[in-house]
Amino acid sequence: MWHSLTGMNQTEQIMKRKVFDGWVSVFESGSDYEAEIVGDRLKENGLDVVVLSKRDHAFNLNVGAASGVYVLVQPGFELKAINILRQHAPTDEELTTLALASNPENVDPPNREQS
């Protein structure tokens with residue numbers, strides 16, 4: 001389950017945001033990998049991003065506010081981040097294709113002539 005601020009109007013977004021050490025939350029998830037994907041998407045668009053996990057990884061607990069994983073941006077960039085997240089997100093099929101294409105085990109080694 002994830003929570004993004006993208007479905008709210010601007011006033012709701014500002015009121016809902018959480019701040020951690022001066023960084024503003026623009027995305028909240030219960031899973032590290034989902035937050036990392038969102039963070040990478042924002043980084044690809046030129047934003048400085050911090051992924052903050054409040055999960056207890058020792059026991060793999062997902063209970064309440066102590067289990068959130070947050071994607072944070074610097075103050076003043078939250079609306080830009082939200083607008084980026086509102087843009088077309090890759091489908092599962094597109095993500096699979098990209099992942100397979102970037103896997104070095106799927107790449108054929110270059111042909112080398114033997115002497």
# chains A, B, ... in the order shown; residues from 1 in each chain; ligands from 1

$ residues_around --residues "A:Asn45" --least-positions-apart "4" --cutoff "12 Å" --atoms "only C-alpha atoms" --output "list of chain:residue names"
A:Val38, A:Gly39, A:Asp40, A:Arg41, A:Val49, A:Phe77, A:Lys80, A:Ala81, A:Ile82, A:Asn83, A:Ile84, A:Leu85, A:Gln87

$ write_last_selection --atoms "N, CA and C atoms" --output "mmCIF file, in the first residue's frame"
data_model
loop_
_atom_site.group_PDB
_atom_site.id
_atom_site.type_symbol
_atom_site.label_atom_id
_atom_site.label_comp_id
_atom_site.auth_asym_id
_atom_site.auth_seq_id
_atom_site.Cartn_x
_atom_site.Cartn_y
_atom_site.Cartn_z
ATOM 1 N N VAL A 38 10.289 5.397 -6.806
ATOM 2 C CA VAL A 38 9.771 6.764 -6.892
ATOM 3 C C VAL A 38 10.915 7.760 -6.745
ATOM 4 N N GLY A 39 11.819 7.505 -5.795
ATOM 5 C CA GLY A 39 12.965 8.385 -5.606
ATOM 6 C C GLY A 39 13.840 8.462 -6.844
ATOM 7 N N ASP A 40 14.072 7.309 -7.473
ATOM 8 C CA ASP A 40 14.874 7.286 -8.701
ATOM 9 C C ASP A 40 14.211 8.092 -9.812
ATOM 10 N N ARG A 41 12.905 7.997 -9.884
ATOM 11 C CA ARG A 41 12.169 8.751 -10.912
ATOM 12 C C ARG A 41 12.354 10.258 -10.722
ATOM 13 N N VAL A 49 16.932 13.960 -3.744
ATOM 14 C CA VAL A 49 15.947 13.108 -3.081
ATOM 15 C C VAL A 49 16.621 12.335 -1.944
ATOM 16 N N PHE A 77 10.555 22.386 -3.565
ATOM 17 C CA PHE A 77 10.545 21.504 -4.722
ATOM 18 C C PHE A 77 9.425 20.468 -4.652
ATOM 19 N N LYS A 80 6.989 20.579 -7.682
ATOM 20 C CA LYS A 80 7.644 20.048 -8.883
ATOM 21 C C LYS A 80 7.678 18.520 -8.805
ATOM 22 N N ALA A 81 8.009 17.995 -7.631
ATOM 23 C CA ALA A 81 8.053 16.539 -7.451
ATOM 24 C C ALA A 81 6.678 15.920 -7.665
ATOM 25 N N ILE A 82 5.663 16.531 -7.115
ATOM 26 C CA ILE A 82 4.296 16.014 -7.251
ATOM 27 C C ILE A 82 3.869 16.034 -8.715
ATOM 28 N N ASN A 83 4.224 17.097 -9.427
ATOM 29 C CA ASN A 83 3.879 17.163 -10.853
ATOM 30 C C ASN A 83 4.601 16.081 -11.644
ATOM 31 N N ILE A 84 5.845 15.793 -11.299
ATOM 32 C CA ILE A 84 6.581 14.712 -11.968
ATOM 33 C C ILE A 84 5.878 13.382 -11.710
ATOM 34 N N LEU A 85 5.461 13.164 -10.473
ATOM 35 C CA LEU A 85 4.801 11.900 -10.125
ATOM 36 C C LEU A 85 3.428 11.762 -10.776
ATOM 37 N N GLN A 87 2.845 12.597 -13.823
ATOM 38 C CA GLN A 87 3.075 12.231 -15.220
ATOM 39 C C GLN A 87 2.981 10.724 -15.377
#

$ atom_distance --atom1 "atom CA of A:Glu44" --atom2 "atom CA of A:Phe20"
22.3 Å

$ closest_residue --among "A:Glu28, A:Leu72, A:Ala89, A:Val19" --to "A:Lys43" --atoms "only C-alpha atoms"
A:Leu72

$ residues_around --residues "A:Glu78" --least-positions-apart "3" --cutoff "10 Å" --atoms "only C-alpha atoms" --output "ChimeraX atom specification"
/A:5,13-14,17,23-27,47,72-75,81-84

$ atom_distance --atom1 "atom CA of A:Ala35" --atom2 "atom CA of A:Thr96"
17.4 Å

$ closest_residue --among "A:Asp92, A:Ser29, A:Leu42, A:Leu100" --to "A:Lys54" --atoms "only C-alpha atoms"
A:Ser29
